[in-house]
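Structure file upload.tsv with TSV, C-alpha atoms:
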chain	number	residue	atom	x	y	z
Y	1	MET	CA	102.26	101.33	116.08
Y	2	MET	CA	102.25	101.66	112.30
Y	3	LYS	CA	102.07	98.54	110.17
Y	4	ARG	CA	105.33	97.26	108.75
Y	5	SER	CA	104.00	97.82	105.22
Y	6	LEU	CA	103.90	101.52	106.00
Y	7	LEU	CA	106.99	101.97	108.10
Y	8	PHE	CA	109.73	99.86	109.60
Y	9	LEU	CA	109.38	100.83	113.23
Y	10	SER	CA	110.95	97.67	114.62
Y	11	LEU	CA	113.49	98.68	117.24
Y	12	LEU	CA	117.06	97.76	116.51
Y	13	SER	CA	118.84	96.20	119.47
Y	14	LEU	CA	122.43	96.15	120.65
Y	15	ALA	CA	123.79	92.75	121.56
Y	16	LEU	CA	125.95	92.28	124.62
Y	17	SER	CA	128.67	90.94	122.34
Y	18	MET	CA	129.48	94.46	121.15
Y	19	ASN	CA	132.50	94.34	123.36
Y	20	ALA	CA	134.08	91.06	124.33
Y	21	GLN	CA	135.52	92.64	127.44
Y	22	GLN	CA	133.22	92.36	130.44
Y	23	ARG	CA	131.92	95.63	131.82
Y	24	PRO	CA	130.33	96.43	135.18
Y	25	ALA	CA	127.07	97.19	133.38
Y	26	ASP	CA	126.76	93.70	131.86
Y	27	SER	CA	124.90	92.21	134.83
Y	28	ALA	CA	122.28	94.97	134.76
Y	29	LEU	CA	122.01	94.67	130.99
Y	30	ARG	CA	121.41	90.91	131.15
Y	31	LYS	CA	118.73	91.42	133.79
Y	32	GLY	CA	117.12	94.14	131.69
Y	33	ASN	CA	117.23	92.01	128.55
Y	34	MET	CA	115.47	89.11	130.28
Y	35	ALA	CA	112.70	91.40	131.53
Y	36	TYR	CA	112.45	93.05	128.11
Y	37	LYS	CA	111.96	89.70	126.34
Y	38	LYS	CA	109.18	88.83	128.78
Y	39	GLY	CA	107.44	92.14	128.11
Y	40	ARG	CA	108.05	93.52	131.60
Y	41	MET	CA	109.08	96.98	130.44
Y	42	ASP	CA	109.00	98.71	133.83
Y	43	GLU	CA	111.38	96.12	135.24
Y	44	ALA	CA	113.57	96.30	132.14
Y	45	ALA	CA	113.74	100.09	132.32
Y	46	LYS	CA	114.86	99.97	135.96
Y	47	ALA	CA	117.63	97.50	135.12
Y	48	TYR	CA	118.80	99.49	132.12
Y	49	GLU	CA	118.77	102.64	134.24
Y	50	GLN	CA	121.53	101.08	136.35
Y	51	ALA	CA	123.61	100.72	133.19
Y	52	ALA	CA	122.64	104.07	131.65
Y	53	ALA	CA	126.23	105.33	131.77
Y	54	ASP	CA	127.06	102.62	129.21
Y	55	GLU	CA	125.92	103.34	125.65
Y	56	ARG	CA	124.25	99.91	125.55
Y	57	GLY	CA	122.30	100.67	128.71
Y	58	SER	CA	121.20	104.04	127.37
Y	59	PHE	CA	120.18	102.48	124.06
Y	60	ASN	CA	118.23	99.60	125.61
Y	61	LEU	CA	116.61	101.95	128.11
Y	62	GLY	CA	115.43	103.95	125.10
Y	63	ASN	CA	113.87	100.78	123.69
Y	64	ALA	CA	112.06	100.02	126.96
Y	65	LEU	CA	110.73	103.58	127.17
Y	66	TYR	CA	109.68	103.43	123.53
Y	67	ARG	CA	107.68	100.26	124.20
Y	68	GLN	CA	105.89	102.16	126.96
Y	69	GLU	CA	105.11	104.91	124.43
Y	70	LYS	CA	107.30	107.39	126.31
Y	71	PHE	CA	108.69	108.63	123.04
Y	72	GLY	CA	110.15	111.90	124.32
Y	73	ASP	CA	112.14	110.10	127.04
Y	74	ALA	CA	113.21	107.40	124.58
Y	75	GLN	CA	114.42	110.07	122.17
Y	76	GLN	CA	116.78	111.49	124.79
Y	77	ARG	CA	118.23	108.03	125.50
Y	78	TYR	CA	118.87	107.35	121.81
Y	79	GLU	CA	120.59	110.70	121.44
Y	80	GLY	CA	122.78	109.86	124.44
Y	81	ALA	CA	123.60	106.41	123.08
Y	82	ALA	CA	124.61	107.82	119.68
Y	83	ALA	CA	126.84	110.42	121.32
Y	84	ALA	CA	128.45	107.94	123.75
Y	85	THR	CA	129.97	105.62	121.14
Y	86	LYS	CA	132.32	105.97	118.20
Y	87	ASP	CA	131.14	102.73	116.59
Y	88	ALA	CA	129.38	103.62	113.31
Y	89	ASN	CA	127.05	100.62	113.46
Y	90	ALA	CA	125.95	101.41	117.03
Y	91	GLN	CA	125.45	105.06	116.13
Y	92	SER	CA	123.35	104.09	113.11
Y	93	ARG	CA	121.09	101.87	115.22
Y	94	ALA	CA	120.59	104.58	117.82
Y	95	LEU	CA	119.85	107.21	115.17
Y	96	HIS	CA	117.42	104.86	113.40
Y	97	ASN	CA	115.44	104.39	116.60
Y	98	LEU	CA	115.71	108.12	117.29
Y	99	GLY	CA	114.01	108.70	113.94
Y	100	ASN	CA	111.26	106.27	114.95
Y	101	SER	CA	110.70	108.22	118.17
Y	102	TRP	CA	110.34	111.47	116.21
Y	103	MET	CA	107.90	109.78	113.83
Y	104	GLN	CA	105.70	108.67	116.71
Y	105	GLN	CA	105.58	112.30	117.86
Y	106	GLN	CA	104.69	113.41	114.30
Y	107	LYS	CA	107.84	115.54	114.14
Y	108	TYR	CA	108.71	114.60	110.60
Y	109	GLU	CA	111.50	117.09	109.96
Y	110	GLU	CA	113.43	115.82	112.99
Y	111	ALA	CA	112.78	112.22	111.88
Y	112	VAL	CA	114.16	112.95	108.41
Y	113	ASN	CA	117.34	114.39	109.92
Y	114	ALA	CA	117.80	111.38	112.23
Y	115	TYR	CA	117.36	108.86	109.40
Y	116	LYS	CA	119.79	110.79	107.21
Y	117	GLN	CA	122.41	110.69	109.95
Y	118	ALA	CA	121.84	106.95	110.38
Y	119	LEU	CA	122.32	106.35	106.64
Y	120	ARG	CA	125.55	108.32	106.61
Y	121	ARG	CA	126.92	105.72	109.01
Y	122	GLN	CA	125.24	102.69	107.40
Y	123	PRO	CA	124.34	103.58	103.76
Y	124	ALA	CA	123.20	100.02	102.95
Y	125	ASP	CA	120.50	99.88	105.65
Y	126	GLU	CA	117.29	99.33	103.66
Y	127	GLU	CA	114.92	99.74	106.62
Y	128	THR	CA	116.38	103.15	107.44
Y	129	ARG	CA	116.23	104.13	103.78
Y	130	TYR	CA	112.55	103.13	103.63
Y	131	ASN	CA	111.79	105.05	106.83
Y	132	LEU	CA	113.55	108.11	105.44
Y	133	ALA	CA	111.42	108.05	102.28
Y	134	TYR	CA	108.25	107.67	104.33
Y	135	ALA	CA	109.22	110.51	106.70
Y	136	GLN	CA	110.03	112.77	103.75
Y	137	LYS	CA	106.60	112.04	102.27
Y	138	LYS	CA	104.84	112.87	105.55
Y	139	LEU	CA	106.88	116.07	105.87
Y	140	GLN	CA	105.92	117.10	102.34
Y	141	GLN	CA	102.23	116.48	103.08
Y	142	GLU	CA	102.50	118.53	106.28
Y	143	GLU	CA	104.13	121.46	104.46
Y	144	GLN	CA	101.51	121.35	101.69
Y	145	LYS	CA	98.72	121.43	104.27
Y	146	LYS	CA	100.30	124.44	106.01
Y	147	LYS	CA	100.59	126.23	102.68
Y	148	GLN	CA	96.95	125.52	101.83
Y	149	ASP	CA	95.82	126.72	105.26
Y	150	GLN	CA	97.79	129.96	104.84
Y	151	GLN	CA	96.28	130.57	101.40
Y	152	GLN	CA	92.80	129.92	102.77
Y	153	ASP	CA	93.39	132.37	105.63
Y	154	GLN	CA	94.63	135.02	103.19
Y	155	GLN	CA	91.51	134.57	101.05
Y	156	GLN	CA	89.17	134.82	104.02
Y	157	GLN	CA	90.69	138.01	105.43
Y	158	PRO	CA	89.68	140.34	102.51
Y	159	GLN	CA	86.16	138.85	102.53
Y	160	GLU	CA	85.80	139.44	106.27
Y	161	GLN	CA	87.10	143.00	105.92
Y	162	LYS	CA	84.63	143.67	103.09
Y	163	GLN	CA	81.74	142.34	105.16
Y	164	ASP	CA	82.80	144.48	108.11
Y	165	GLN	CA	82.82	147.58	105.89
Y	166	GLN	CA	79.37	146.80	104.45
Y	167	GLN	CA	77.73	146.10	107.79
Y	168	PRO	CA	76.78	149.26	109.75
Y	169	LYS	CA	78.49	149.52	113.07
Y	170	PRO	CA	76.34	149.55	116.22
Y	171	ASN	CA	74.87	153.00	116.97
Y	172	GLU	CA	76.31	154.35	113.73
Y	173	ILE	CA	74.02	157.10	112.24
Y	174	ASP	CA	74.03	158.36	108.67
Y	175	LYS	CA	75.28	161.97	108.34
Y	176	GLN	CA	72.06	163.21	106.69
Y	177	ASP	CA	69.92	161.50	109.33
Y	178	ALA	CA	72.00	163.16	112.03
Y	179	GLU	CA	71.52	166.59	110.44
Y	180	ARG	CA	67.75	166.08	110.18
Y	181	MET	CA	67.54	165.00	113.78
Y	182	LEU	CA	69.56	168.03	114.85
Y	183	GLU	CA	67.29	170.39	112.89
Y	184	ALA	CA	64.19	168.79	114.41
Y	185	MET	CA	65.61	169.16	117.91
Y	186	GLU	CA	66.49	172.80	117.26
Y	187	GLN	CA	62.98	173.50	115.91
Y	188	GLN	CA	61.40	171.80	118.90
Y	189	GLU	CA	63.56	173.83	121.26
Y	190	LYS	CA	62.60	177.04	119.42
Y	191	ASN	CA	58.89	176.22	119.71
Y	192	THR	CA	59.29	175.54	123.39
Y	193	GLN	CA	61.07	178.84	123.95
Y	194	ASP	CA	58.33	180.71	122.04
Y	195	LYS	CA	55.65	179.18	124.26
Y	196	VAL	CA	57.58	180.08	127.39
Y	197	ARG	CA	57.97	183.70	126.26
Y	198	GLY	CA	54.27	183.89	125.44
Y	199	LYS	CA	53.27	182.76	128.91
Y	200	ALA	CA	55.68	185.21	130.48
Y	201	LYS	CA	54.10	188.14	128.61
Y	202	ALA	CA	50.61	187.08	129.62
Y	203	ALA	CA	51.62	186.92	133.24
Y	204	THR	CA	53.09	190.45	133.33
Y	205	ARG	CA	50.40	192.22	131.28
Y	206	LYS	CA	48.59	194.90	133.25
Y	207	PRO	CA	44.79	195.24	133.14
Y	208	ILE	CA	43.46	197.78	130.61
Y	209	GLU	CA	42.05	200.76	132.35
Y	210	LYS	CA	39.04	202.27	130.61
Y	211	ASP	CA	38.06	205.82	130.78
Y	212	TRP	CA	34.55	206.17	132.06
Rendering of file as structure tokens:
Amino acid sequence: MMKRSLLFLSLLSLALSMNAQQRPADSALRKGNMAYKKGRMDEAAKAYEQAAADERGSFNLGNALYRQEKFGDAQQRYEGAAAATKDANAQSRALHNLGNSWMQQQKYEEAVNAYKQALRRQPADEETRYNLAYAQKKLQQEEQKKKQDQQQDQQQQPQEQKQDQQQPKPNEIDKQDAERMLEAMEQQEKNTQDKVRGKAKAATRKPIEKDW
């Protein structure tokens, strides 16, 4: 978890008073909220799962998953909560927490987009505005690092190619050396053939007959 001085990652919650009318999910939500306050996130997640069809259940389930550092699962719940309601304030809260989930996964571009969407619905939200600025800074640093790495790779490639050209390849023989070796082999073969012919002549020579 990042320090508050760096990033407002406190999870925004949805109160049960969002809708004065009682809903079937309220009992599960109350049970989940009690477990959540006591830090029993597994129990809270199970209760919220029963109310997941309600945008409040989906949102609070996202919070419970986030607390368990299941940021990918939490992200899906926040997306569902934002899509399930037409209330701008509820959408902003879900999108704010969605941005936090992306930040924890170091996906800064996605976090920037989520915070921007949250601000469109609640332009006066200072925490979301701060998070957006921080995410934009991290994204800029990431892009600069990628650019530097690409430039470094491009500089290394010509140097490596030059070194490869300068270094002789295995079993590679200079053209002049090859010609000299070929001449030596031909001369050696010629000498061998001469010796063989000489021996053949000696073997077939008839004795000299003298006249007495």
Residues within 12 Å of (109.1, 109.0, 117.3), file coordinates, counting all atoms listed in the file: what are they? Give the list as a ChimeraX atom specification.
/Y:1-2,7-11,62-63,65-67,69-76,78,95-112,114-115,131,135
Export of the given selection (C-alpha atoms) as a short mmCIF file (atom, residue, chain, number, x, y, z; two decimals), in the frame of the given file:
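The resulting part.cif:
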data_model
loop_
_atom_site.label_atom_id
_atom_site.label_comp_id
_atom_site.auth_asym_id
_atom_site.auth_seq_id
_atom_site.Cartn_x
_atom_site.Cartn_y
_atom_site.Cartn_z
CA MET Y 1 102.26 101.33 116.08
CA MET Y 2 102.25 101.66 112.30
CA LEU Y 7 106.99 101.97 108.10
CA PHE Y 8 109.73 99.86 109.60
CA LEU Y 9 109.38 100.83 113.23
CA SER Y 10 110.95 97.67 114.62
CA LEU Y 11 113.49 98.68 117.24
CA GLY Y 62 115.43 103.95 125.10
CA ASN Y 63 113.87 100.78 123.69
CA LEU Y 65 110.73 103.58 127.17
CA TYR Y 66 109.68 103.43 123.53
CA ARG Y 67 107.68 100.26 124.20
CA GLU Y 69 105.11 104.91 124.43
CA LYS Y 70 107.30 107.39 126.31
CA PHE Y 71 108.69 108.63 123.04
CA GLY Y 72 110.15 111.90 124.32
CA ASP Y 73 112.14 110.10 127.04
CA ALA Y 74 113.21 107.40 124.58
CA GLN Y 75 114.42 110.07 122.17
CA GLN Y 76 116.78 111.49 124.79
CA TYR Y 78 118.87 107.35 121.81
CA LEU Y 95 119.85 107.21 115.17
CA HIS Y 96 117.42 104.86 113.40
CA ASN Y 97 115.44 104.39 116.60
CA LEU Y 98 115.71 108.12 117.29
CA GLY Y 99 114.01 108.70 113.94
CA ASN Y 100 111.26 106.27 114.95
CA SER Y 101 110.70 108.22 118.17
CA TRP Y 102 110.34 111.47 116.21
CA MET Y 103 107.90 109.78 113.83
CA GLN Y 104 105.70 108.67 116.71
CA GLN Y 105 105.58 112.30 117.86
CA GLN Y 106 104.69 113.41 114.30
CA LYS Y 107 107.84 115.54 114.14
CA TYR Y 108 108.71 114.60 110.60
CA GLU Y 109 111.50 117.09 109.96
CA GLU Y 110 113.43 115.82 112.99
CA ALA Y 111 112.78 112.22 111.88
CA VAL Y 112 114.16 112.95 108.41
CA ALA Y 114 117.80 111.38 112.23
CA TYR Y 115 117.36 108.86 109.40
CA ASN Y 131 111.79 105.05 106.83
CA ALA Y 135 109.22 110.51 106.70
#
Suppose you want the space between CA of Leu29 (chain Y) and CA of Ala84 (chain Y); what is it in Å?
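Separation between CA of Leu29 (chain Y) and CA of Ala84 (chain Y): 16.4 Å.
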Take the point (112.1, 104.9, 101.9) as written in the file and pick out every residue within 12 Å of it, counting only C-alpha atoms; give the list as a PDB file with C-alpha atoms, keeping the file's coordinate frame.
ATOM      1  CA  SER Y   5     104.000  97.820 105.220  1.00  0.00           C
ATOM      2  CA  LEU Y   6     103.900 101.520 106.000  1.00  0.00           C
ATOM      3  CA  LEU Y   7     106.990 101.970 108.100  1.00  0.00           C
ATOM      4  CA  PHE Y   8     109.730  99.860 109.600  1.00  0.00           C
ATOM      5  CA  VAL Y 112     114.160 112.950 108.410  1.00  0.00           C
ATOM      6  CA  TYR Y 115     117.360 108.860 109.400  1.00  0.00           C
ATOM      7  CA  LYS Y 116     119.790 110.790 107.210  1.00  0.00           C
ATOM      8  CA  LEU Y 119     122.320 106.350 106.640  1.00  0.00           C
ATOM      9  CA  ASP Y 125     120.500  99.880 105.650  1.00  0.00           C
ATOM     10  CA  GLU Y 126     117.290  99.330 103.660  1.00  0.00           C
ATOM     11  CA  GLU Y 127     114.920  99.740 106.620  1.00  0.00           C
ATOM     12  CA  THR Y 128     116.380 103.150 107.440  1.00  0.00           C
ATOM     13  CA  ARG Y 129     116.230 104.130 103.780  1.00  0.00           C
ATOM     14  CA  TYR Y 130     112.550 103.130 103.630  1.00  0.00           C
ATOM     15  CA  ASN Y 131     111.790 105.050 106.830  1.00  0.00           C
ATOM     16  CA  LEU Y 132     113.550 108.110 105.440  1.00  0.00           C
ATOM     17  CA  ALA Y 133     111.420 108.050 102.280  1.00  0.00           C
ATOM     18  CA  TYR Y 134     108.250 107.670 104.330  1.00  0.00           C
ATOM     19  CA  ALA Y 135     109.220 110.510 106.700  1.00  0.00           C
ATOM     20  CA  GLN Y 136     110.030 112.770 103.750  1.00  0.00           C
ATOM     21  CA  LYS Y 137     106.600 112.040 102.270  1.00  0.00           C
ATOM     22  CA  LYS Y 138     104.840 112.870 105.550  1.00  0.00           C
TER      23      LYS Y 138
END
Could you give me the axis-aligned bounding box of region 142-159 of chain Y, with 4 Å of padding per side, as centre plus edge lengths in Å to one decimal, as AutoDock Vina command-line options?
--center_x 95.1 --center_y 129.4 --center_z 103.7 --size_x 26.0 --size_y 29.8 --size_z 13.2
Report, in Å to a single decimal, how far apart CA of Asn113 (chain Y) and CA of Glu143 (chain Y) are.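 Computing the Euclidean distance for CA of Glu143 (chain Y) and CA of Asn113 (chain Y) yields 15.9 Å.
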Inset, instruction - Identify which of the residues Y:Gln176, Y:Gln91, Y:Thr85, Y:Gln50 lies closest to Arg120 (chain Y), counting only C-alpha atoms when measuring atom-to-atom distances. - result: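 Residue with the minimum atom-to-atom distance to Arg120 (chain Y): Y:Gln91.
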Exercise. Pick the closest to Ala64 (chain Y) from Y:Ala94, Y:Asn33, Y:Ala51, Y:Ala88: which is it, counting all atoms listed in the file?
Worked result: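 Among the listed residues, the smallest separation from Ala64 (chain Y) belongs to Y:Asn33.
Across the model, the gap from CA of Lys86 (chain Y) to CA of Ala45 (chain Y) is 24.1 Å.
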